[in-house]
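Next up, model-v6.csv (CSV, C-alpha atoms):
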chain,number,residue,atom,x,y,z
A,1,MET,CA,0.0,0.0,0.0
A,2,ASN,CA,1.5,3.3,-1.0
A,3,ILE,CA,1.3,6.6,0.9
A,4,LYS,CA,-1.1,8.2,-1.7
A,5,GLU,CA,-3.7,5.4,-1.1
A,6,ILE,CA,-3.3,5.7,2.6
A,7,GLN,CA,-3.9,9.4,2.5
A,8,LYS,CA,-6.9,8.9,0.2
A,9,TYR,CA,-8.5,6.5,2.7
A,10,MET,CA,-7.6,8.7,5.7
A,11,THR,CA,-9.3,11.6,4.0
A,12,LEU,CA,-12.4,9.5,3.8
A,13,ALA,CA,-12.2,8.8,7.5
A,14,LEU,CA,-11.8,12.5,8.2
A,15,LYS,CA,-15.0,13.2,6.3
A,16,GLU,CA,-16.7,10.8,8.6
A,17,ALA,CA,-15.2,12.7,11.6
A,18,GLN,CA,-16.7,15.9,10.2
A,19,LYS,CA,-20.1,14.2,10.1
A,20,ALA,CA,-19.8,13.4,13.8
A,21,GLU,CA,-18.9,17.0,14.5
A,22,LEU,CA,-22.1,18.2,12.8
A,23,LYS,CA,-24.0,16.0,15.2
A,24,ASN,CA,-22.1,17.4,18.2
A,25,GLU,CA,-20.4,14.0,18.6
A,26,VAL,CA,-16.6,13.7,19.3
A,27,PRO,CA,-15.3,14.0,15.7
A,28,ILE,CA,-13.8,10.6,15.1
A,29,GLY,CA,-14.3,8.8,11.8
A,30,ALA,CA,-13.4,5.3,10.6
A,31,ILE,CA,-13.6,3.4,7.3
A,32,ILE,CA,-12.8,-0.2,6.5
A,33,VAL,CA,-11.2,-1.2,3.2
A,34,ASP,CA,-11.2,-4.8,1.9
A,35,LYS,CA,-8.1,-6.4,0.3
A,36,LYS,CA,-9.2,-5.2,-3.2
A,37,GLY,CA,-9.2,-1.6,-2.0
A,38,THR,CA,-13.0,-1.3,-1.8
A,39,VAL,CA,-14.4,0.8,1.0
A,40,ILE,CA,-16.9,-1.7,2.7
A,41,ALA,CA,-17.8,0.4,5.7
A,42,ARG,CA,-17.9,4.0,6.9
A,43,ALA,CA,-18.8,5.2,10.4
A,44,HIS,CA,-18.4,8.0,12.9
A,45,ASN,CA,-18.9,8.3,16.6
A,46,LEU,CA,-22.5,8.2,17.8
A,47,LYS,CA,-22.1,7.7,21.6
A,48,GLU,CA,-24.3,10.7,22.4
A,49,GLN,CA,-27.0,10.1,19.8
A,50,LYS,CA,-27.2,6.4,20.6
A,51,LEU,CA,-26.6,6.8,24.4
A,52,ASP,CA,-24.2,3.9,23.9
A,53,THR,CA,-20.7,3.8,25.3
A,54,THR,CA,-19.7,1.3,22.6
A,55,ALA,CA,-20.8,3.4,19.7
A,56,HIS,CA,-17.2,4.4,18.7
A,57,ALA,CA,-16.5,4.9,15.1
A,58,GLU,CA,-14.4,1.8,14.9
A,59,ILE,CA,-17.0,-0.5,16.5
A,60,LEU,CA,-19.7,0.8,14.2
A,61,ALA,CA,-17.5,0.4,11.2
A,62,ILE,CA,-16.7,-3.2,12.2
A,63,LYS,CA,-20.4,-4.0,12.6
A,64,LYS,CA,-21.2,-2.5,9.2
A,65,ALA,CA,-18.3,-4.3,7.4
A,66,SER,CA,-19.3,-7.6,9.0
A,67,LYS,CA,-22.8,-7.2,7.8
A,68,LYS,CA,-21.6,-6.3,4.3
A,69,VAL,CA,-19.4,-9.3,3.9
A,70,ALA,CA,-21.7,-11.6,5.9
A,71,ASN,CA,-18.9,-12.7,8.2
A,72,TRP,CA,-17.5,-11.5,11.5
A,73,ARG,CA,-14.0,-12.3,10.3
A,74,LEU,CA,-12.7,-9.2,8.4
A,75,GLU,CA,-9.5,-11.0,7.2
A,76,GLY,CA,-7.5,-8.9,4.7
A,77,CYS,CA,-9.3,-5.7,5.7
A,78,SER,CA,-7.7,-2.5,6.8
A,79,LEU,CA,-9.3,-0.1,9.3
A,80,TYR,CA,-8.5,3.6,9.0
A,81,VAL,CA,-9.5,5.9,11.9
A,82,THR,CA,-8.7,9.5,12.6
A,83,LEU,CA,-7.7,9.0,16.2
A,84,GLU,CA,-5.6,6.2,17.9
A,85,PRO,CA,-8.1,3.6,19.1
A,86,CYS,CA,-9.0,3.0,22.8
A,87,PRO,CA,-8.3,-0.4,24.3
A,88,MET,CA,-11.9,-1.6,23.6
A,89,CYS,CA,-11.7,-0.7,19.9
A,90,LEU,CA,-8.2,-2.3,19.6
A,91,ALA,CA,-9.6,-5.5,21.1
A,92,ALA,CA,-12.6,-5.5,18.8
A,93,MET,CA,-10.2,-5.2,15.8
A,94,ARG,CA,-8.3,-8.2,17.0
A,95,GLU,CA,-11.5,-10.2,17.5
A,96,ALA,CA,-12.7,-9.1,14.0
A,97,ARG,CA,-9.3,-10.3,12.5
A,98,ILE,CA,-8.5,-6.9,11.0
A,99,GLU,CA,-5.2,-7.2,9.1
A,100,ARG,CA,-4.0,-3.6,9.4
A,101,LEU,CA,-4.9,-0.5,11.5
A,102,ILE,CA,-3.9,2.9,10.2
A,103,PHE,CA,-4.7,5.8,12.4
A,104,GLY,CA,-4.2,9.6,12.4
A,105,ALA,CA,-3.6,11.5,15.6
A,106,TYR,CA,-2.1,9.9,18.7
A,107,ASP,CA,-4.3,9.9,21.9
A,108,LEU,CA,-1.8,10.1,24.8
A,109,LYS,CA,-4.6,10.0,27.4
A,110,GLY,CA,-6.9,7.2,26.0
A,111,GLY,CA,-5.2,5.5,23.1
A,112,ALA,CA,-4.5,1.9,23.6
A,113,LEU,CA,-1.0,2.0,22.2
A,114,SER,CA,0.0,5.2,24.0
A,115,LEU,CA,-1.2,3.5,27.2
A,116,GLY,CA,0.9,0.4,26.4
A,117,HIS,CA,-1.9,-1.9,25.5
A,118,ASN,CA,-0.3,-3.6,22.5
A,119,LEU,CA,-3.0,-6.3,22.0
A,120,HIS,CA,-2.3,-6.3,18.3
A,121,GLN,CA,1.2,-7.8,19.0
A,122,ASP,CA,0.4,-10.1,21.9
A,123,ARG,CA,1.6,-13.6,20.8
A,124,ARG,CA,-0.5,-15.3,23.5
A,125,LEU,CA,-3.6,-14.2,21.6
A,126,ASN,CA,-4.7,-15.9,18.4
A,127,HIS,CA,-4.5,-12.9,16.0
A,128,GLN,CA,-1.9,-10.2,15.5
A,129,PHE,CA,-2.0,-7.3,13.0
A,130,SER,CA,0.1,-4.4,11.8
A,131,VAL,CA,-0.4,-0.8,13.0
A,132,VAL,CA,0.7,2.5,11.4
A,133,GLY,CA,0.1,5.7,13.3
A,134,GLY,CA,0.5,9.4,12.8
A,135,ILE,CA,-1.1,9.6,9.3
A,136,GLN,CA,-2.3,13.1,8.6
A,137,ALA,CA,-1.9,13.6,12.4
A,138,SER,CA,-2.1,17.4,12.4
A,139,GLU,CA,-5.4,17.4,10.3
A,140,ASN,CA,-6.9,14.7,12.4
A,141,GLY,CA,-5.8,16.3,15.7
A,142,GLN,CA,-7.0,19.7,14.6
A,143,ILE,CA,-10.6,18.7,14.2
A,144,LEU,CA,-10.6,17.3,17.7
A,145,SER,CA,-8.8,20.3,19.2
A,146,ASN,CA,-11.3,22.7,17.6
A,147,PHE,CA,-14.3,20.7,18.7
A,148,PHE,CA,-13.2,20.6,22.4
A,149,ARG,CA,-12.2,24.3,22.3
A,150,LYS,CA,-15.7,25.3,21.1
A,151,LYS,CA,-17.3,22.9,23.6
A,152,ARG,CA,-15.3,24.5,26.5
A,153,LYS,CA,-16.1,28.0,25.3
A,154,ARG,CA,-19.9,27.2,25.2
A,155,GLU,CA,-19.8,25.6,28.6
A,156,ASN,CA,-18.0,28.7,30.1
A,157,ASN,CA,-20.5,31.2,28.6
I'd like the structure from this file rewritten - as structure tokens, please.
Amino acid sequence: MNIKEIQKYMTLALKEAQKAELKNEVPIGAIIVDKKGTVIARAHNLKEQKLDTTAHAEILAIKKASKKVANWRLEGCSLYVTLEPCPMCLAAMREARIERLIFGAYDLKGGALSLGHNLHQDRRLNHQFSVVGGIQASENGQILSNFFRKKRKRENN
């Protein structure tokens, strides 16, 4: 996979994040691409709207992709997400047999990898996958920074 393709897919994930922001959701977007390069799922955070702590972009994308391919195993698929996944989402990717995770901004406070939860590499578990982080990190981080800055401003007024 070349950098141009990676950037193309990350831009699609960022568009999903923008949809979340319009709904006053934390702007995180995810897409899943099959081994042929076809986007099989798109999702964004819907925790507030669904009143569901598991309605993260990654989880919703995994559910949509599984339905699309009629299989919970998403072997050969890559998941692109605008922010480093939390431990729950990283574990879901492992369970879904995702082949590759590509994420944008690092999340030093809640990101699984930043917190040292390297489930994707744990040889005691039955599936490992590759991870690439920091793709379009400034763009992906900026949408989050702007969202929380506006939110704090509204709360302080």
Would you write out, as JSON lines, a table of all residues in range 31-128 of chain A that have an atom no more than 10 Å from an atom of range 136-147 of chain A, listing for each the closest atom pair and the distance in Å to one decimal, considering only C-alpha atoms and ordering rows by chain and rising residue number?
{"residue": "A:Val81", "atom": "CA", "partner": "A:Asn140", "partner_atom": "CA", "distance": 9.2}
{"residue": "A:Thr82", "atom": "CA", "partner": "A:Asn140", "partner_atom": "CA", "distance": 5.5}
{"residue": "A:Leu83", "atom": "CA", "partner": "A:Asn140", "partner_atom": "CA", "distance": 6.9}
{"residue": "A:Glu84", "atom": "CA", "partner": "A:Ala137", "partner_atom": "CA", "distance": 9.9}
{"residue": "A:Phe103", "atom": "CA", "partner": "A:Ala137", "partner_atom": "CA", "distance": 8.3}
{"residue": "A:Gly104", "atom": "CA", "partner": "A:Ala137", "partner_atom": "CA", "distance": 4.6}
{"residue": "A:Ala105", "atom": "CA", "partner": "A:Ala137", "partner_atom": "CA", "distance": 4.2}
{"residue": "A:Tyr106", "atom": "CA", "partner": "A:Ala137", "partner_atom": "CA", "distance": 7.3}
{"residue": "A:Asp107", "atom": "CA", "partner": "A:Gly141", "partner_atom": "CA", "distance": 9.0}
For the interface of range 46-92 of chain A with range 15-25 of chain A (cut-off 8 Å, counting all atoms listed in the file), please tabulate each contacting residue of range 46-92 of chain A alongside its nearest pair of atoms and their separation in Å to one decimal, rows sorted by chain and increasing number, as a tab-separated table.
residue	atom	partner	partner_atom	distance
A:Leu46	CA	A:Glu25	CA	6.2
A:Lys47	CA	A:Glu25	CA	7.2
A:Glu48	CA	A:Glu25	CA	6.4
A:Gln49	CA	A:Glu25	CA	7.8
A:Thr82	CA	A:Ala17	CA	7.3
Which residue of A:Lys50, A:Ile32, A:Gly37, A:Met93 approaches Ala65 in chain A most closely, using all atoms listed in the file:
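Nearest to Ala65 in chain A: A:Ile32.
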Nearest to Ala30 in chain A, chosen from A:Tyr9, A:Phe148, A:Phe129, A:Trp72, with all atoms listed in the file counted in the distances:
A:Tyr9
Å distance separating CA of Ala41 in chain A from CA of Leu79 in chain A, one decimal place:
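So the two atoms, CA of Ala41 in chain A and CA of Leu79 in chain A, lie 9.2 Å apart.
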What lies within 12 Å of Tyr80 in chain A using only C-alpha atoms, ignoring chain neighbours under 5 positions off, as a PyMOL selection string?
chain A and resi 5-17+28-34+39-44+57-58+61-62+85+93+98-105+131-136+140
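If all atoms listed in the file are the atoms counted, then among A:Leu119, A:Lys150, A:Asn157, A:Cys86 the closest residue to Ile59 in chain A is A:Cys86.
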By how many Å are CA of Leu60 in chain A and CA of Ala92 in chain A apart?
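Between CA of Leu60 in chain A and CA of Ala92 in chain A the gap is 10.5 Å.
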Report, as JSON, the centre and edge lengths in Å (one decimal) of the axis-aligned box enclosing every listed atom of range 55-72 of chain A, padded by 3 Å on each side.
{"center_x": -18.6, "center_y": -3.9, "center_z": 11.8, "size_x": 14.4, "size_y": 23.6, "size_z": 21.8}
So the first atom is CA of Pro87 in chain A and the second is CA of Arg123 in chain A; what is the distance between them in Å, to one decimal place?
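Computing it gives 16.9 Å between the two atoms.
For the set A:Lys68, A:Ala112, A:Ser78, A:His127, the residue with the smallest atom-to-atom gap to Arg97 in chain A is A:His127, counting only C-alpha atoms.
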For a quick check of understanding, using all atoms listed in the file, which of A:Lys64, A:Arg154, A:Lys36, A:His117 has the smallest distance to Ala91 in chain A?
A:His117
